[in-house]
Amino acid sequence: MSAATLVEPVAPPTLRLAPAEPAPLRRRKRTWWAVAFVVVLVLVTQGVNMLHYPYLEDDEGTYFARAWAVFHLGSLTPNTYVYDHAPLGWIQIAIWQLLTFGYRFGYGLASGRVLMLLYGVGSALLVLAIGKRSSGKVWVGLLAACLFSLSTYGIFYHRRILLDNVATFWILLSLYLLVGRPNLTRVWLSGIAIGIAVLSKETSLAVMPALLLLAARRTPKVSRLFAVCGWAALALSICSAYVLLALLKGELFKPGTLLGGTKAHVSLVCSIQWQATRGHNGGLLNPSSEFWHTALSWAHSEPLLVIGGTAAAVLAVTALRRDPIISAIGLAALSLWVFLGRGATVSAFYLLPLLPLLALSIALVLGSGAGQLARRVGRPASLAAVGLAVAGCALLIGIAYERSERQLWTGNPVGGQIAAVNWVRKHVAPSSRIIIDDYMWNELHVPPAGAPTFKDAQYYWEVGEDPKVQRVDFADSWRNVNYVVSTPQMIADTAEQNFPLVTPALEHSRPVAEFDTGGWRVEVRAVEPRVSNPLPATTATAQPSCMRYT
Amino acid sequence: MTAAAIILALAATTVALYGLFTLWLMLSAWDRPARLRSTGGPKAFRAPSVSFAVLLPAREEEAVIGETIARLWAANYPRELLEIIPICQHDDAGTIAAVKAQIELLGAENVRLVVYDTAPFNKPHALNAGYAASGGEAVIVFDAEDDVHPDIFNVMNTVMLDKGVGVVQGGVQLMNFKDHWFSAFNCVEYFFYFRSRLHFNASVGMVPLGGNTVTIRRDLVDRVGGWDEQCLTEDADIGVRLSALGEPMRVVYDSRWVTREETPLSRRALVRQRTRWCQGFLQILVKGDWRRIPGRRRRLLAAATFGQPIIDGLLISVVPLIPLALLYLKLPVLAALMSLAPLYVLALQMLAGTIGLIEFARLYGERVPLHVLLRTPFTYLACQWLIGFSALRAVVRLLKGRQEWEKTEHEGAHRAAPAVPMPAPLAPIASPHQPVHESALMTSARAVHEPAPPPGPQHSQESVF
């Protein structure tokens with residue numbers, strides 16, 4: 001500092017002329033209209049008929065039962081927790097059950113579907129906000145939110161009680177916090193959100209590098225180290241709680257190893273190893289792999305997002321790589337693709353976390369292209385191009401709906417499922433030993449007032465794999481099974497896995513009541529040793545003993 | 001058993017939340033660039049108008065007091081607006097002689113030695129004695145070993161005029177981060193405290209002022225009745241009483257103008273210094289002036305600030321018990337998870353400290369040697385343990401009623417071999433050819449021949465004195 005800096009104070013800089021008042025006001029008004037529109041859109045697409053279609057899958061029942069166990073049994077599952085998924089997803093469902101005082105909304109699982117509707121609305125609004133904030137244009141956010149909420153595939157699976165729907169919300173929240181004004185608090189909250197996402201569903205791990213890159217590119221240099229390291233530290237701290245949980249329960253290492261002890265028990269390490277190798281068949285690199293098979297079926301049923309969205313994501317990380325937000329969203333989508341294509345099992349609903357990212361990629365790339373076009377050619381040309389593109393999107397959305405079952409707002413397979421539950425309540429003795437599909441676990445174990453409790457109704461996967469259930473509930477013999485309530489899912493899985501107890505019980509049973517109100521047949525079957533109708537035998541890879549219930 | 005688990009889990013969660021709160025205080029200045037800018041110094045100086053009385057209490061500081069006086073005397077501020085008052089106790093012949101020799105050497109009329117001869121012989125009493133003998137519209141306190149930036153009076157003058165405040169706390173920074181195993185985190189602690197935490201306090205309106213580089217308008221000192229001679233941290237105490245007046249305060253941290261200091265010489269000295277601070281904070285807590293501060297939020301912050309030694313002490317006693325509890329108590333899993341939360345917070349604070357070290361070094365144009373970075377996990381924990389131990393010691397001393405002052409020794413490590421070079425001081429404004437202290441003469445002669453160095457951190461060894 002030299003004496004020359006001793007100057008009279010400079011006059012405060014003249015304020016920049018503020019734009020005329022109405023413009024921001026109008027834009028804010030437009031934003032609120034967009035918000036209202038998206039809320040109504042999701043309430044209609046996802047909400048209407050969501051309690052009747054699609055059919056209640058056993059996974060939905062499983063997560064809902066686990067959620068119930070959290071506060072009622074003080075454990076993470078009704079039976080043995082095998083570290084198949086991190087528990088934070090159904091802990092959130094448990095909190096919802098607590099907040100709604102276990103209100104049933106018609107039938108037990110309906111409450112879970114209502115919660116999924118809330119997550120759906122939240123996710124769609126986050127897509128709108130991310131699209132708007134990263135492009136500065138409301139229409140881009142609105143387009144992304146519409147593509148996200150009008151996807152036939154999306155509506156089908158968003159209604160289901162799936163951990164992926166919970167995780168998707170947290171991934172989008174994490175992304176949103178990085179897209180707004182980047183201060184440290186928001187970046188750190190984003191790290192916490194992605195940590196929650198990972199513990200809700202492990203798939204979220206795949207988007208972490210893209211988000212970390214975005215955090216680094218969005219924060220100013222003076223606070224970048226604090227932001228980036230804080231983001232990573234908070235995210236990893238939360239994720240590490242899962243490992244810590246296993247460690248504290250003495251279930252981290254495999255039994256039979258130095259740190260795992262000799263007593264048989266489930267193990268997180270074993271579960272991770274098993275899931276990493278399960279169904280290994282080449283993934284992305286092998287055109288005949290399960291991944292490509294599923295991806296092609298996705299492309300068929302959801303051409304706009306799967307093909308168009310992926311193409312947009314590729315454009316985002318190449319042509320638009322200078323834009324930190326668009327390229328990060330594209331990178332996140334592509335990382336998820338690579339993660340799915342790593343060669344492990346790919347289930348039909350694994351596309352869920354990708355949907356919003358693909359929708360955002362399309363809208364943002366379109367928005368960026370429209371901006372370029374308006375600058376170079378002119379506004380009319382740009383408007384025409386956008387109109388054409390939106391019309392194309394609408395066409396593809398229509399095609400996707402045509403290719404679906406077309407029952408989103410009319411089908412009622414759930415009606416039959418609930419009728420089966422009511423039949424069991426009325427005609428089956430509560431003391432019966434029953435093998436069930438998990439969709440009815442909650443109905444039989446946590447019945448509404450006045451209905452009987454079936455303490456010995458057990459999920460077929462647990463009967464098949466949990467030695468404790470086999471021993472305690474069925475004394476290791478299928479002859480002790482009184483009833484099997486079968487669903488197409490149960491029959492397919494049992495044929496594939498060739499479960500002990502479940503397979504012979506099914507083979508020695510005959511239907512006493514059947515329910516089918518829309519493509520999902522539920523049979524109540526009485527087990528009678530004289531009856532014999534063998535299931536077709538197939539072979540599947542058995543799980544290692546440390547993955548099994550003990 | 002269940003009760004024990006619940007108590008442990010709740011206590012651990014509370015401690016973890018408190019730890020997160022302190023972490024937030026440490027880093028809040030970086031939250032957004034605008035805030036970081038607003039906590040820096042002024043962009044341009046106003047013309048000098050406030051007259052300052054520099055209070056310079058010194059006890060057994062003959063090794064460093066002369067140079068400090070010479071530097072203050074050569075500051076970039078009109079001499080007629082500056083009055084420098086070294087304050088010594090009557091039996092400290094060495095320091096008195098050093099001060100007199102320096103005054104003679106400089107031929108300075110505006111440097112005036114004040115000697116006081118009644119007990120208690122401590123800093124607050126010295127400050128009161130010096131204050132009584134001084135004029136000036138505002139007093140500014142420095143320590144005898146401080147490296148004061150020549151423009152500090154311009155900074156204070158500008159902030160007081162621009163912001164209309166009567167109390168300004170300037171940044172103080174320990175610099176020798178490579179000298180001891182504990183000095184890295186000691187420096188970082190100051191960095192976080194003056195760069196971030198005090199700004200938060202100032203924005204709330206409850207500032208435990210620092211011991212030096214603090215300016216207070218004369219009428220405000222009169223209104224609070226000067227410094228409390230019984231308090232071990234008279235600086236924080238006067239800050240509390242000024243806060244109770246509802247007086248707005250300003251904290252300015254700019255790497256160009258910070259007052260540079262050294263870490264304590266040894267582990268023992270560090271513990272003594274910390275014990276004194278903790279005990280002083282506890283005195284303030286007990287004394288209860290903070291309860292007069294208007295506003296619940298401010299009082300809450302005051303309670304959290306001055307109660308911290310108790311929490312630190314508790315923490316250091318409790319944390320080692322957590323692994324033991326996990327091993328022997330067979331806690332329910334949820335309780336066990338919750339009781340481990342403080343360890344997570346500790347790890348986060350350690351990470352923040354390490355990044356703080358890197359940022360601190362970068363701000364001052366230095367690099368952190370790899371071995372210093374690699375040993376941070378160990379040094380951080382050891383530092384925390386020392387601080388916790390000091391807090392415990394303070395609690396014990398307070399309970400025993402031992403209130404005497406354990407002074408920190410200084411050898412001028414930041415001057416003899418400064419870890420980080422200072423910007424060169426400039427030639428005195430009035431006339432560059434006055435007889436000055438040897439080292440000051442060297443630099444002023446250099447400044448005459450060379451253009452003034454740009455502001456900010458410098459690497460050149462020549463700019464070191």
# chains A, B, ... in the order shown; residues from 1 in each chain; ligands from 1
$ interface_residues --of "chain B" --to "chain A" --cutoff "6 Å" --atoms "only C-alpha atoms" --output "PyMOL selection string"
chain B and resi 30-32+45-46+455
$ select_by_dssp --residues "range 116-172 of chain B" --states "strand (DSSP E)" --output "list in words"
Tyr116, Ala138, Val139, Ile140, Val141, Val167, Val168, Gln169, Gly170 and Val172 of chain B
$ residues_around --residues "Gly210 in chain B" --least-positions-apart "4" --cutoff "9 Å" --atoms "only C-alpha atoms" --output "PyMOL selection string"
chain B and resi 169-172+194+214+233+235-236+239
$ write_last_selection --atoms "C-alpha atoms" --output "PDB file, in the first residue's frame"
ATOM      1  CA  GLN B 169     -11.802  -5.099  15.400  1.00  0.00           C
ATOM      2  CA  GLY B 170      -8.989  -5.620  12.900  1.00  0.00           C
ATOM      3  CA  GLY B 171      -7.700  -9.026  11.856  1.00  0.00           C
ATOM      4  CA  VAL B 172      -5.008 -10.691  13.923  1.00  0.00           C
ATOM      5  CA  PHE B 194     -10.990 -13.462  12.588  1.00  0.00           C
ATOM      6  CA  VAL B 214      -9.068  -3.156  18.316  1.00  0.00           C
ATOM      7  CA  THR B 233      -9.792 -11.845  29.193  1.00  0.00           C
ATOM      8  CA  ASP B 235     -10.699  -7.856  25.774  1.00  0.00           C
ATOM      9  CA  ALA B 236     -13.675 -10.163  25.376  1.00  0.00           C
ATOM     10  CA  GLY B 239     -16.643  -6.472  23.990  1.00  0.00           C
TER      11      GLY B 239
END
$ residues_around --residues "range 342-349 of chain A" --least-positions-apart "3" --cutoff "10 Å" --atoms "only C-alpha atoms" --output "PyMOL selection string"
chain A and resi 153-154+156-158+160+162+164-165+274-286+289-295+297-298+336-339+352-353
$ write_last_selection --atoms "C-alpha atoms" --output "compact mmCIF listing (two decimals), in the first residue's frame"
# COMPACT_ATOMS: atom_id res chain seq x y z
CA TYR A 153 -43.40 -45.96 -18.55
CA GLY A 154 -42.91 -43.31 -15.87
CA PHE A 156 -46.72 -46.90 -14.58
CA TYR A 157 -43.71 -47.18 -12.26
CA HIS A 158 -44.04 -43.86 -10.44
CA ARG A 160 -45.48 -48.16 -7.41
CA LEU A 162 -40.34 -48.37 -5.18
CA ASP A 164 -36.09 -45.79 -6.95
CA ASN A 165 -38.90 -43.23 -6.80
CA TRP A 274 -23.07 -61.18 -4.64
CA GLN A 275 -24.83 -58.24 -6.25
CA ALA A 276 -21.70 -57.26 -8.17
CA THR A 277 -21.41 -60.68 -9.73
CA ARG A 278 -25.08 -61.60 -10.01
CA GLY A 279 -26.22 -62.29 -13.54
CA HIS A 280 -22.87 -61.24 -14.98
CA ASN A 281 -23.26 -61.35 -18.71
CA GLY A 282 -21.19 -58.65 -20.33
CA GLY A 283 -23.53 -55.71 -20.01
CA LEU A 284 -22.84 -52.88 -22.44
CA LEU A 285 -20.09 -54.79 -24.23
CA ASN A 286 -22.17 -57.82 -25.06
CA SER A 289 -26.71 -59.35 -22.64
CA GLU A 290 -29.60 -58.87 -20.28
CA PHE A 291 -28.81 -55.13 -20.28
CA TRP A 292 -29.30 -54.76 -24.03
CA HIS A 293 -32.36 -56.94 -23.93
CA THR A 294 -33.95 -54.70 -21.29
CA ALA A 295 -32.69 -51.49 -22.89
CA SER A 297 -37.58 -53.13 -24.51
CA TRP A 298 -37.30 -49.72 -22.85
CA LEU A 336 -26.36 -44.03 -14.98
CA TRP A 337 -26.52 -45.79 -18.34
CA VAL A 338 -22.99 -47.09 -17.87
CA PHE A 339 -23.84 -48.15 -14.32
CA LEU A 352 -36.63 -44.67 -13.16
CA PRO A 353 -33.77 -42.42 -11.93
$ closest_residue --among "A:Val70, A:Leu163, A:Val424, A:Leu340" --to "Ile196 in chain A" --atoms "only C-alpha atoms"
A:Leu163
$ select_by_dssp --residues "range 261-425 of chain A" --states "alpha helix (DSSP H)" --output "PyMOL selection string"
chain A and resi 268-277+290-301+303+310-318+324-340+354-376+379-403+413-425
$ write_last_selection --atoms "C-alpha atoms" --output "compact mmCIF listing (two decimals), in the first residue's frame"
# COMPACT_ATOMS: atom_id res chain seq x y z
CA LEU A 268 -22.85 -56.61 3.94
CA VAL A 269 -19.57 -57.43 2.19
CA CYS A 270 -21.01 -60.72 1.00
CA SER A 271 -24.17 -58.99 -0.22
CA ILE A 272 -22.16 -56.44 -2.20
CA GLN A 273 -19.99 -59.16 -3.73
CA TRP A 274 -23.07 -61.18 -4.64
CA GLN A 275 -24.83 -58.24 -6.25
CA ALA A 276 -21.70 -57.26 -8.17
CA THR A 277 -21.41 -60.68 -9.73
CA GLU A 290 -29.60 -58.87 -20.28
CA PHE A 291 -28.81 -55.13 -20.28
CA TRP A 292 -29.30 -54.76 -24.03
CA HIS A 293 -32.36 -56.94 -23.93
CA THR A 294 -33.95 -54.70 -21.29
CA ALA A 295 -32.69 -51.49 -22.89
CA LEU A 296 -34.27 -52.45 -26.20
CA SER A 297 -37.58 -53.13 -24.51
CA TRP A 298 -37.30 -49.72 -22.85
CA ALA A 299 -36.54 -48.09 -26.19
CA HIS A 300 -39.63 -49.77 -27.59
CA SER A 301 -41.97 -48.71 -24.80
CA PRO A 303 -38.78 -44.19 -27.42
CA THR A 310 -29.87 -40.32 -24.59
CA ALA A 311 -29.02 -38.57 -27.84
CA ALA A 312 -29.60 -35.24 -26.10
CA ALA A 313 -27.38 -36.32 -23.20
CA VAL A 314 -24.60 -37.16 -25.65
CA LEU A 315 -25.00 -33.73 -27.24
CA ALA A 316 -24.94 -32.16 -23.79
CA VAL A 317 -21.55 -33.62 -22.86
CA THR A 318 -20.01 -32.94 -26.28
CA PRO A 324 -21.55 -26.65 -16.61
CA ILE A 325 -25.17 -27.48 -15.79
CA ILE A 326 -26.36 -28.98 -19.07
CA SER A 327 -23.21 -31.04 -19.46
CA ALA A 328 -23.43 -32.26 -15.84
CA ILE A 329 -27.02 -33.40 -16.36
CA GLY A 330 -26.01 -35.18 -19.56
CA LEU A 331 -23.04 -36.74 -17.81
CA ALA A 332 -25.22 -37.89 -14.93
CA ALA A 333 -27.60 -39.58 -17.38
CA LEU A 334 -24.76 -41.27 -19.28
CA SER A 335 -23.11 -42.40 -16.02
CA LEU A 336 -26.36 -44.03 -14.98
CA TRP A 337 -26.52 -45.79 -18.34
CA VAL A 338 -22.99 -47.09 -17.87
CA PHE A 339 -23.84 -48.15 -14.32
CA LEU A 340 -26.87 -50.09 -15.54
CA LEU A 354 -32.78 -41.83 -15.56
CA LEU A 355 -36.17 -40.49 -16.65
CA PRO A 356 -35.92 -36.95 -15.23
CA LEU A 357 -32.31 -36.60 -16.39
CA LEU A 358 -33.25 -37.66 -19.91
CA ALA A 359 -36.26 -35.33 -19.94
CA LEU A 360 -34.06 -32.47 -18.75
CA SER A 361 -31.43 -33.28 -21.37
CA ILE A 362 -33.99 -33.05 -24.17
CA ALA A 363 -35.51 -29.81 -22.90
CA LEU A 364 -32.18 -28.12 -22.15
CA VAL A 365 -30.56 -29.11 -25.43
CA LEU A 366 -33.68 -27.90 -27.23
CA GLY A 367 -33.64 -24.65 -25.24
CA SER A 368 -29.97 -24.08 -25.99
CA GLY A 369 -30.49 -24.90 -29.68
CA ALA A 370 -33.48 -22.57 -29.89
CA GLY A 371 -31.39 -19.77 -28.38
CA GLN A 372 -28.62 -20.33 -30.94
CA LEU A 373 -31.13 -20.45 -33.77
CA ALA A 374 -32.83 -17.25 -32.62
CA ARG A 375 -29.48 -15.46 -32.56
CA ARG A 376 -28.24 -16.74 -35.91
CA ARG A 379 -36.83 -15.65 -33.75
CA PRO A 380 -39.53 -16.99 -36.12
CA ALA A 381 -37.25 -19.80 -37.33
CA SER A 382 -36.41 -20.69 -33.75
CA LEU A 383 -40.06 -20.68 -32.73
CA ALA A 384 -40.95 -22.90 -35.68
CA ALA A 385 -38.15 -25.34 -34.83
CA VAL A 386 -39.23 -25.55 -31.20
CA GLY A 387 -42.84 -26.05 -32.25
CA LEU A 388 -41.80 -28.85 -34.57
CA ALA A 389 -39.70 -30.50 -31.89
CA VAL A 390 -42.50 -30.28 -29.32
CA ALA A 391 -44.91 -31.78 -31.84
CA GLY A 392 -42.44 -34.61 -32.41
CA CYS A 393 -42.24 -35.20 -28.67
CA ALA A 394 -46.03 -35.28 -28.43
CA LEU A 395 -46.19 -37.81 -31.24
CA LEU A 396 -43.66 -40.09 -29.54
CA ILE A 397 -45.52 -39.79 -26.23
CA GLY A 398 -48.66 -40.89 -28.06
CA ILE A 399 -46.84 -43.83 -29.66
CA ALA A 400 -45.55 -44.90 -26.24
CA TYR A 401 -49.06 -44.86 -24.85
CA GLU A 402 -50.34 -46.84 -27.84
CA ARG A 403 -47.71 -49.50 -27.22
CA PRO A 413 -56.17 -55.42 -11.34
CA VAL A 414 -55.88 -54.29 -7.71
CA GLY A 415 -59.60 -54.96 -7.24
CA GLY A 416 -59.03 -58.70 -7.64
CA GLN A 417 -56.04 -58.63 -5.32
CA ILE A 418 -58.03 -56.94 -2.58
CA ALA A 419 -60.96 -59.33 -3.15
CA ALA A 420 -58.52 -62.21 -2.57
CA VAL A 421 -57.47 -60.62 0.73
CA ASN A 422 -61.10 -60.30 1.79
CA TRP A 423 -61.82 -63.91 0.82
CA VAL A 424 -58.89 -65.11 2.94
CA ARG A 425 -60.10 -63.03 5.89
$ residues_around --residues "Val121 in chain A" --least-positions-apart "2" --cutoff "9 Å" --atoms "only C-alpha atoms" --output "list in words"
Val38, Val39, Val40, Leu41, Val42, Leu43, Gln46, Met116, Leu117, Leu118, Tyr119, Ser123, Ala124, Leu125, Leu126 and Ser149 of chain A
$ write_last_selection --atoms "N, CA and C atoms" --output "short mmCIF file (atom, residue, chain, number, x, y, z; two decimals), in the first residue's frame"
data_model
loop_
_atom_site.label_atom_id
_atom_site.label_comp_id
_atom_site.auth_asym_id
_atom_site.auth_seq_id
_atom_site.Cartn_x
_atom_site.Cartn_y
_atom_site.Cartn_z
N VAL A 38 -47.91 -27.98 -13.50
CA VAL A 38 -47.19 -29.25 -13.29
C VAL A 38 -47.83 -30.05 -12.16
N VAL A 39 -48.23 -29.36 -11.09
CA VAL A 39 -48.86 -30.07 -9.97
C VAL A 39 -50.14 -30.76 -10.46
N VAL A 40 -50.96 -30.01 -11.19
CA VAL A 40 -52.21 -30.60 -11.68
C VAL A 40 -51.92 -31.75 -12.64
N LEU A 41 -50.92 -31.54 -13.50
CA LEU A 41 -50.57 -32.57 -14.48
C LEU A 41 -50.21 -33.88 -13.77
N VAL A 42 -49.35 -33.79 -12.77
CA VAL A 42 -48.92 -35.02 -12.08
C VAL A 42 -50.08 -35.62 -11.31
N LEU A 43 -50.89 -34.75 -10.68
CA LEU A 43 -52.03 -35.28 -9.93
C LEU A 43 -52.95 -36.06 -10.86
N GLN A 46 -50.43 -39.24 -12.75
CA GLN A 46 -50.02 -40.28 -11.80
C GLN A 46 -51.14 -40.59 -10.80
N MET A 116 -45.99 -42.02 -2.79
CA MET A 116 -45.28 -41.97 -4.07
C MET A 116 -45.79 -40.82 -4.93
N LEU A 117 -47.10 -40.53 -4.81
CA LEU A 117 -47.64 -39.39 -5.56
C LEU A 117 -46.98 -38.09 -5.08
N LEU A 118 -46.78 -37.98 -3.76
CA LEU A 118 -46.12 -36.78 -3.24
C LEU A 118 -44.68 -36.69 -3.77
N TYR A 119 -43.97 -37.83 -3.74
CA TYR A 119 -42.61 -37.82 -4.30
C TYR A 119 -42.66 -37.47 -5.79
N SER A 123 -40.74 -34.45 -7.42
CA SER A 123 -39.74 -34.66 -8.47
C SER A 123 -40.07 -33.82 -9.70
N ALA A 124 -41.35 -33.80 -10.10
CA ALA A 124 -41.73 -33.04 -11.29
C ALA A 124 -41.46 -31.54 -11.08
N LEU A 125 -41.76 -31.05 -9.87
CA LEU A 125 -41.49 -29.63 -9.59
C LEU A 125 -39.99 -29.34 -9.61
N LEU A 126 -39.21 -30.29 -9.11
CA LEU A 126 -37.76 -30.09 -9.14
C LEU A 126 -37.25 -30.08 -10.57
N SER A 149 -43.48 -36.15 -16.74
CA SER A 149 -44.73 -36.62 -16.15
C SER A 149 -45.67 -37.29 -17.15
#
$ residues_around --residues "range 300-316 of chain B" --least-positions-apart "3" --cutoff "8 Å" --atoms "only C-alpha atoms" --output "PyMOL selection string"
chain B and resi 15+201+206+278-279+281-282+284-285+290+296-297+319-320+385+387-392+394-395
$ atom_distance --atom1 "CA of Ala110 in chain A" --atom2 "CA of Pro54 in chain A"
11.9 Å
$ atom_distance --atom1 "CA of Val266 in chain A" --atom2 "CA of Thr168 in chain A"
28.3 Å
$ residues_around --residues "Val531 in chain A" --least-positions-apart "4" --cutoff "12 Å" --atoms "only C-alpha atoms" --output "ChimeraX atom specification"
/A:479,504-511,525-527
$ atom_distance --atom1 "CA of Leu346 in chain B" --atom2 "CA of Ser38 in chain B"
29.4 Å
